[in-house]
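**Q** Take a look at the following structure, please.
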Amino acid sequence: MMNGMLLEGADLIDGTGGPVVRDAMVLLAGDRIRYAGPRTGQFDGAAIRRWQLSGKTLIPGLIEAHTHAAYPADMRAYVKNGITTIRFAGLDLATVSALRERIARGDIVGPRILSCGPMIDQPPPAYPEWSVAVRTPAEAAATAERLIIEAGVDALIVTQRVTAPVLRAVIAVAHAHGRSVVGQTWAVDGKEAADLGIDELHNSARVFVSRDYPTERLLRYDSIAERLALSGRAWATIDWSATQAILDTMVARGVRYCGMQVITQFQAGEGVAELEADNDFTTLFGAKERGSFGDFIRLLQGSWTAADKACWRVANEERMEWMRRFRALGGVLLAGTDMQFGGIMLHRELANLAALGLSPMEVITAATGGSARALRLEVGTIAAGRPADLVILRRDPLRDLAALRDITCVVRGGAVLWREPRDGPVPPPDPAR
Ligand SMILES: [Zn+2]
């Protein structure tokens, strides 16, 4: 625990998007931040330890808004890469609680874990082992109530086959309990979902209109791979003028979008070689994790032809353009991966956000304070009273976003979760003694 530790001299990026505080002071007390701001004399003579960090940059712990990866190796990769909060967007309750217990016991290292519970879908659900299938609005409401009250989920997620009456029922229960609803809706399009009051739409949601594939065609499929192939062909033939009403409604209603281009790029073969060459990939992950991800990708695109893959690449470009337009209208983008190896891939997704035109400061805000607001979290900003979740970088990420992985120390709840070994022990020895 870094109890009573004063971090001084670093540049502070506090997660709000406000200006950098040069030569800052941040006082940690227990699991909270007691002070964060410019250098001050108010702690002179106090019985606290001081840690000189000039030349370093402090940022809030990063937030991953959408994952399913539950391996201990993934938890370690998240922590080592500065991600101190992750949200499972569709995973069975038992896996999530077992993982939380292992982290709380100190059996494995890991980030804060939020959960949307299992995916709420209508039969037949796409991912049966991660889903709960509901047939009627009444059943949906009862399920939503049970997930929130009994299982204590942080948000709810609805997926592909959910229809408007069921979505309306889920949203009513979630909002009555102050919870968000996340959607990867396919039966319901982005405009309907926004009009019904959904809070977030994520990568595979139907947030566009195609010139060549009318809705009734898009709803006829027998497998995940077939639906995704259809999605690729439909995105590749996006009708921008018809899509405008969806963009406008989502922005007007404040619906956040989590694009997670990394997984769709990966499906097109993009970024695969870089991932396999990544030092964390080769040292933290073994045959088990790689094999299970290979199986997952085969489930997603097992039946694809070469033409499907070619369409998927065009679709990825169009989705990037969709996000550019969404943002230009004032829409808020979130950062997530939807894939294993998220500790590595979230940083790739941040590069995708930068490619959309976000400045380094905007990218950092999106993955910290901006995400925290959308996810209704107390973490995500470095300010007095907030949980002590922060990352100490060796260099300035505003000059080069790659510095977000040049980490010397990761702190969650006032505890050091990871320290770059070559930088020696934390906290450093007190120079006065
Ligand atoms: Zn997902």
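Residue numbering restarts at 1 for every chain of the structure tokens, chains are lettered A, B, ... in their displayed order, and ligands are numbered from 1 as they appear.
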Can I get the residues of chain A within 8 Å of ligand 1, each with the closest pair of atoms and their distance in Å to one decimal, using only C-alpha atoms and all ligand atoms, sorted chain first then ascending number, as a Markdown table?
**A**
| residue | atom | partner | partner_atom_place_in_ligand_line | distance |
| --- | --- | --- | --- | --- |
| A:His66 | CA | ligand 1 | 1 (Zn) | 6.2 |
| A:Thr67 | CA | ligand 1 | 1 (Zn) | 6.0 |
| A:His68 | CA | ligand 1 | 1 (Zn) | 6.4 |
| A:Ala89 | CA | ligand 1 | 1 (Zn) | 5.7 |
| A:Gly90 | CA | ligand 1 | 1 (Zn) | 6.5 |
| A:Asp338 | CA | ligand 1 | 1 (Zn) | 4.6 |
| A:Met339 | CA | ligand 1 | 1 (Zn) | 7.4 |
**Q** Can those selected residues be exported to a file as an mmCIF file, in the first residue's frame so that it contains C-alpha atoms?
**A**
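See selection.cif below for the written result:
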data_model
loop_
_atom_site.group_PDB
_atom_site.id
_atom_site.type_symbol
_atom_site.label_atom_id
_atom_site.label_comp_id
_atom_site.auth_asym_id
_atom_site.auth_seq_id
_atom_site.Cartn_x
_atom_site.Cartn_y
_atom_site.Cartn_z
ATOM 1 C CA HIS A 66 -15.817 -4.398 -23.454
ATOM 2 C CA THR A 67 -14.055 -7.691 -22.927
ATOM 3 C CA HIS A 68 -14.753 -11.407 -22.512
ATOM 4 C CA ALA A 89 -19.728 -7.352 -21.756
ATOM 5 C CA GLY A 90 -21.400 -10.735 -21.691
ATOM 6 C CA ASP A 338 -13.937 -7.375 -27.604
ATOM 7 C CA MET A 339 -11.034 -9.801 -27.798
#
**Q** Write out as a PDB file with C-alpha atoms, in the first residue's frame which residues come within 6 Å of region 29-34 of chain A when counting only C-alpha atoms, dropping same-chain ones fewer than 6 positions away.
**A**
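Result file part.pdb:
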ATOM      1  CA  ASN A   3      -0.254   4.898   2.295  1.00  0.00           C
ATOM      2  CA  GLY A   4       0.717   8.507   2.913  1.00  0.00           C
ATOM      3  CA  ALA A 384      -9.045  14.462  -4.413  1.00  0.00           C
ATOM      4  CA  GLY A 385     -11.460  11.863  -3.047  1.00  0.00           C
ATOM      5  CA  ARG A 386     -11.199   9.503  -6.015  1.00  0.00           C
ATOM      6  CA  PRO A 387      -9.902   5.930  -5.784  1.00  0.00           C
ATOM      7  CA  ALA A 388      -6.126   5.826  -6.159  1.00  0.00           C
ATOM      8  CA  GLY A 413      -6.738   1.367  -4.988  1.00  0.00           C
ATOM      9  CA  GLY A 414      -3.463   2.637  -3.527  1.00  0.00           C
TER      10      GLY A 414
END
**Q** Tell me which of A:Gly336, A:Pro125, A:Gly330, A:Gly117 sits closest to Leu201 (chain A), counting only C-alpha atoms.
**A**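 Of all the options, A:Gly336 lies closest to Leu201 (chain A).
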**Q** Could you pull the residues within 6 Å of Val21 (chain A), counting only C-alpha atoms, minus those fewer than 3 positions along the same chain, as a compact mmCIF listing (two decimals) with C-alpha atoms, in the first residue's frame?
**A**
# COMPACT_ATOMS: atom_id res chain seq x y z
CA ASP A 11 3.32 16.02 -15.24
CA LEU A 12 -0.29 15.25 -14.36
CA ALA A 24 2.34 18.29 -9.89
**Q** Need to verify the contact set: Phe341 (chain A), 6 Å, only C-alpha atoms, exclusion of same-chain residues closer than 2 positions in sequence. Can you return it as a list in words?
**A**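 Contacts, in chain order: Asp74, Gly343 and Ile344 of chain A.
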**Q** Just N, CA, C and O atoms for this one: save the residues we selected as a PDB file, in the first residue's frame.
**A**
ATOM      1  N   ASP A  74      -4.591 -12.848 -19.164  1.00  0.00           N
ATOM      2  CA  ASP A  74      -5.206 -11.597 -19.631  1.00  0.00           C
ATOM      3  C   ASP A  74      -5.246 -10.564 -18.511  1.00  0.00           C
ATOM      4  O   ASP A  74      -4.997  -9.373 -18.752  1.00  0.00           O
ATOM      5  N   GLY A 343      -5.038  -6.417 -22.982  1.00  0.00           N
ATOM      6  CA  GLY A 343      -4.016  -5.533 -22.410  1.00  0.00           C
ATOM      7  C   GLY A 343      -3.141  -4.935 -23.502  1.00  0.00           C
ATOM      8  O   GLY A 343      -2.705  -3.784 -23.425  1.00  0.00           O
ATOM      9  N   ILE A 344      -2.906  -5.735 -24.532  1.00  0.00           N
ATOM     10  CA  ILE A 344      -2.116  -5.274 -25.670  1.00  0.00           C
ATOM     11  C   ILE A 344      -3.032  -4.522 -26.651  1.00  0.00           C
ATOM     12  O   ILE A 344      -2.717  -3.426 -27.117  1.00  0.00           O
TER      13      ILE A 344
END
**Q** Give me the residues near region 422-424 of chain A as a list in words, where near means some atom within 12 Å (using only C-alpha atoms) and where sequence neighbours in that chain fewer than 6 positions away do not count.
**A**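 Neighbouring residues, sequence-local ones excluded: Ile392, Leu393, Arg394, Ile407, Thr408 and Cys409 of chain A.
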**Q** Only all heavy atoms, please: the residues just picked out, written as a PDB file, in the first residue's frame.
**A**
ATOM      1  N   ILE A 392       2.062   5.457 -13.798  1.00  0.00           N
ATOM      2  CA  ILE A 392       3.212   6.355 -13.933  1.00  0.00           C
ATOM      3  C   ILE A 392       3.958   5.969 -15.208  1.00  0.00           C
ATOM      4  O   ILE A 392       4.429   4.833 -15.343  1.00  0.00           O
ATOM      5  CB  ILE A 392       4.147   6.258 -12.710  1.00  0.00           C
ATOM      6  CG1 ILE A 392       3.343   6.473 -11.418  1.00  0.00           C
ATOM      7  CG2 ILE A 392       5.295   7.271 -12.831  1.00  0.00           C
ATOM      8  CD1 ILE A 392       4.152   6.192 -10.142  1.00  0.00           C
ATOM      9  N   LEU A 393       4.009   6.920 -16.149  1.00  0.00           N
ATOM     10  CA  LEU A 393       4.661   6.677 -17.444  1.00  0.00           C
ATOM     11  C   LEU A 393       6.073   7.245 -17.419  1.00  0.00           C
ATOM     12  O   LEU A 393       6.330   8.265 -16.780  1.00  0.00           O
ATOM     13  CB  LEU A 393       3.865   7.348 -18.568  1.00  0.00           C
ATOM     14  CG  LEU A 393       2.386   6.949 -18.686  1.00  0.00           C
ATOM     15  CD1 LEU A 393       1.703   7.804 -19.760  1.00  0.00           C
ATOM     16  CD2 LEU A 393       2.252   5.461 -19.019  1.00  0.00           C
ATOM     17  N   ARG A 394       6.950   6.604 -18.179  1.00  0.00           N
ATOM     18  CA  ARG A 394       8.333   7.071 -18.233  1.00  0.00           C
ATOM     19  C   ARG A 394       8.489   8.300 -19.120  1.00  0.00           C
ATOM     20  O   ARG A 394       9.495   8.991 -19.048  1.00  0.00           O
ATOM     21  CB  ARG A 394       9.225   5.966 -18.794  1.00  0.00           C
ATOM     22  CG  ARG A 394       9.264   4.734 -17.948  1.00  0.00           C
ATOM     23  CD  ARG A 394       9.744   3.568 -18.804  1.00  0.00           C
ATOM     24  NE  ARG A 394      10.499   2.666 -17.984  1.00  0.00           N
ATOM     25  CZ  ARG A 394      11.820   2.770 -17.801  1.00  0.00           C
ATOM     26  NH1 ARG A 394      12.507   3.695 -18.402  1.00  0.00           N
ATOM     27  NH2 ARG A 394      12.433   1.918 -17.024  1.00  0.00           N
ATOM     28  N   ILE A 407       5.642   2.073 -19.225  1.00  0.00           N
ATOM     29  CA  ILE A 407       5.108   2.235 -17.867  1.00  0.00           C
ATOM     30  C   ILE A 407       6.152   1.856 -16.826  1.00  0.00           C
ATOM     31  O   ILE A 407       6.863   0.861 -16.989  1.00  0.00           O
ATOM     32  CB  ILE A 407       3.868   1.326 -17.709  1.00  0.00           C
ATOM     33  CG1 ILE A 407       2.750   1.813 -18.646  1.00  0.00           C
ATOM     34  CG2 ILE A 407       3.394   1.262 -16.263  1.00  0.00           C
ATOM     35  CD1 ILE A 407       1.564   0.873 -18.723  1.00  0.00           C
ATOM     36  N   THR A 408       6.232   2.659 -15.777  1.00  0.00           N
ATOM     37  CA  THR A 408       7.132   2.276 -14.694  1.00  0.00           C
ATOM     38  C   THR A 408       6.379   1.744 -13.476  1.00  0.00           C
ATOM     39  O   THR A 408       6.921   0.972 -12.703  1.00  0.00           O
ATOM     40  CB  THR A 408       8.098   3.430 -14.324  1.00  0.00           C
ATOM     41  OG1 THR A 408       8.980   2.962 -13.310  1.00  0.00           O
ATOM     42  CG2 THR A 408       7.356   4.662 -13.820  1.00  0.00           C
ATOM     43  N   CYS A 409       5.105   2.136 -13.303  1.00  0.00           N
ATOM     44  CA  CYS A 409       4.379   1.664 -12.126  1.00  0.00           C
ATOM     45  C   CYS A 409       2.861   1.773 -12.362  1.00  0.00           C
ATOM     46  O   CYS A 409       2.394   2.744 -12.946  1.00  0.00           O
ATOM     47  CB  CYS A 409       4.784   2.510 -10.923  1.00  0.00           C
ATOM     48  SG  CYS A 409       4.159   1.900  -9.351  1.00  0.00           S
TER      49      CYS A 409
END
**Q** Hey, could you make a per-residue contact list for region 345-414 of chain A against region 312-327 of chain A with 9 Å as the cut-off, showing the nearest pair of atoms and its distance in Å to one decimal, counting only C-alpha atoms, sorted by chain and number, as a Markdown table?
**A**
| residue | atom | partner | partner_atom | distance |
| --- | --- | --- | --- | --- |
| A:Asn352 | CA | A:Met320 | CA | 8.5 |
| A:Ala355 | CA | A:Met320 | CA | 8.9 |
| A:Leu356 | CA | A:Arg324 | CA | 5.8 |
| A:Gly357 | CA | A:Arg324 | CA | 7.8 |
**Q** Please build the interface table for region 256-336 of chain A against region 364-380 of chain A with a cut-off of 9 Å, listing for each qualifying residue the nearest atom pair and the distance in Å to one decimal; count only C-alpha atoms, order rows by chain and increasing number, and write it as CSV.
**A**
residue,atom,partner,partner_atom,distance
A:Arg256,CA,A:Ala374,CA,7.4
A:Val332,CA,A:Ala366,CA,8.2
A:Leu333,CA,A:Ala366,CA,6.9
A:Leu334,CA,A:Ser371,CA,6.0
A:Ala335,CA,A:Ala367,CA,5.7
A:Gly336,CA,A:Ala367,CA,8.6
**Q** Suppose we keep C-alpha atoms; can you now write the selection as a JSON list (two decimals), in the first residue's frame?
**A**
[["chain", "number", "residue", "atom", "x", "y", "z"],
["A", 256, "ARG", "CA", -22.14, 6.25, -26.73],
["A", 332, "VAL", "CA", -18.89, 10.09, -27.68],
["A", 333, "LEU", "CA", -16.62, 7.14, -28.50],
["A", 334, "LEU", "CA", -15.52, 4.52, -25.97],
["A", 335, "ALA", "CA", -12.45, 2.29, -26.02],
["A", 336, "GLY", "CA", -12.78, -1.48, -25.90]]
**Q** Got a sec: who's within 12 Å of Ala98 (chain A), counting only C-alpha atoms, leaving out chain neighbours fewer than 6 positions off, as a PyMOL selection string?
**A** chain A and resi 70-72+91-92+104-105+107-108+113
**Q** Work out how far apart CA of Val209 (chain A) and CA of Thr249 (chain A) are and give it in Å to one decimal.
**A**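 Interatomic distance, CA of Val209 (chain A) to CA of Thr249 (chain A): 13.8 Å.
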**Q** Pick out the residues sitting within 7 Å of region 165-169 of chain A, and hand them over as a short mmCIF file (atom, residue, chain, number, x, y, z; two decimals) with N, CA and C atoms, in the first residue's frame; count only C-alpha atoms, and ignore anything fewer than 3 positions along from it in its own chain.
**A**
data_model
loop_
_atom_site.label_atom_id
_atom_site.label_comp_id
_atom_site.auth_asym_id
_atom_site.auth_seq_id
_atom_site.Cartn_x
_atom_site.Cartn_y
_atom_site.Cartn_z
N THR A 136 -40.28 -13.09 -23.62
CA THR A 136 -41.32 -12.04 -23.55
C THR A 136 -40.77 -10.83 -22.79
N PRO A 137 -41.42 -9.68 -22.95
CA PRO A 137 -41.00 -8.51 -22.17
C PRO A 137 -41.06 -8.78 -20.66
N ALA A 140 -38.09 -10.71 -19.74
CA ALA A 140 -36.91 -9.84 -19.84
C ALA A 140 -36.80 -8.95 -18.60
N ALA A 141 -37.94 -8.39 -18.17
CA ALA A 141 -37.93 -7.51 -17.00
C ALA A 141 -37.52 -8.29 -15.75
N VAL A 162 -32.70 -9.46 -29.81
CA VAL A 162 -33.62 -8.73 -28.94
C VAL A 162 -34.48 -7.77 -29.76
N ALA A 172 -36.24 -0.15 -19.03
CA ALA A 172 -37.04 0.39 -17.93
C ALA A 172 -36.51 -0.09 -16.58
N VAL A 173 -36.22 -1.39 -16.49
CA VAL A 173 -35.72 -1.94 -15.22
C VAL A 173 -34.32 -1.39 -14.91
N LEU A 196 -35.51 4.19 -27.86
CA LEU A 196 -35.99 3.45 -26.69
C LEU A 196 -35.18 3.79 -25.44
#
**Q** As a PyMOL selection string, please: every residue in region 215-319 of chain A that DSSP puts in helix (DSSP H, G or I).
**A** chain A and resi 215-218+224-236+240-252+261-267+272-277+279-284+287-301+306-319
**Q** From the options A:Leu247, A:Ala234, A:Leu219, A:Ala73, which residue's atoms come nearest to Gly190 (chain A), counting only C-alpha atoms?
**A**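 Answer, going by the shortest atom-to-atom distance: A:Leu247.
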**Q** Please indicate the distance in Å from CA of Gln244 (chain A) to CA of Ser210 (chain A), rounded to one decimal place.
**A**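 For CA of Gln244 (chain A) relative to CA of Ser210 (chain A), the distance reads 11.8 Å.
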**Q** Nearest to Arg233 (chain A): which of A:Ser359, A:Ala307, A:Gly110, A:Gly271 is it, counting only C-alpha atoms?
**A**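 Closest candidate: A:Ala307.
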**Q** Could you work out how far CA of Asp199 (chain A) lies from CA of Glu150 (chain A), giving the answer in Å with one decimal?
**A**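 We find that CA of Glu150 (chain A) and CA of Asp199 (chain A) lie 22.1 Å from each other.
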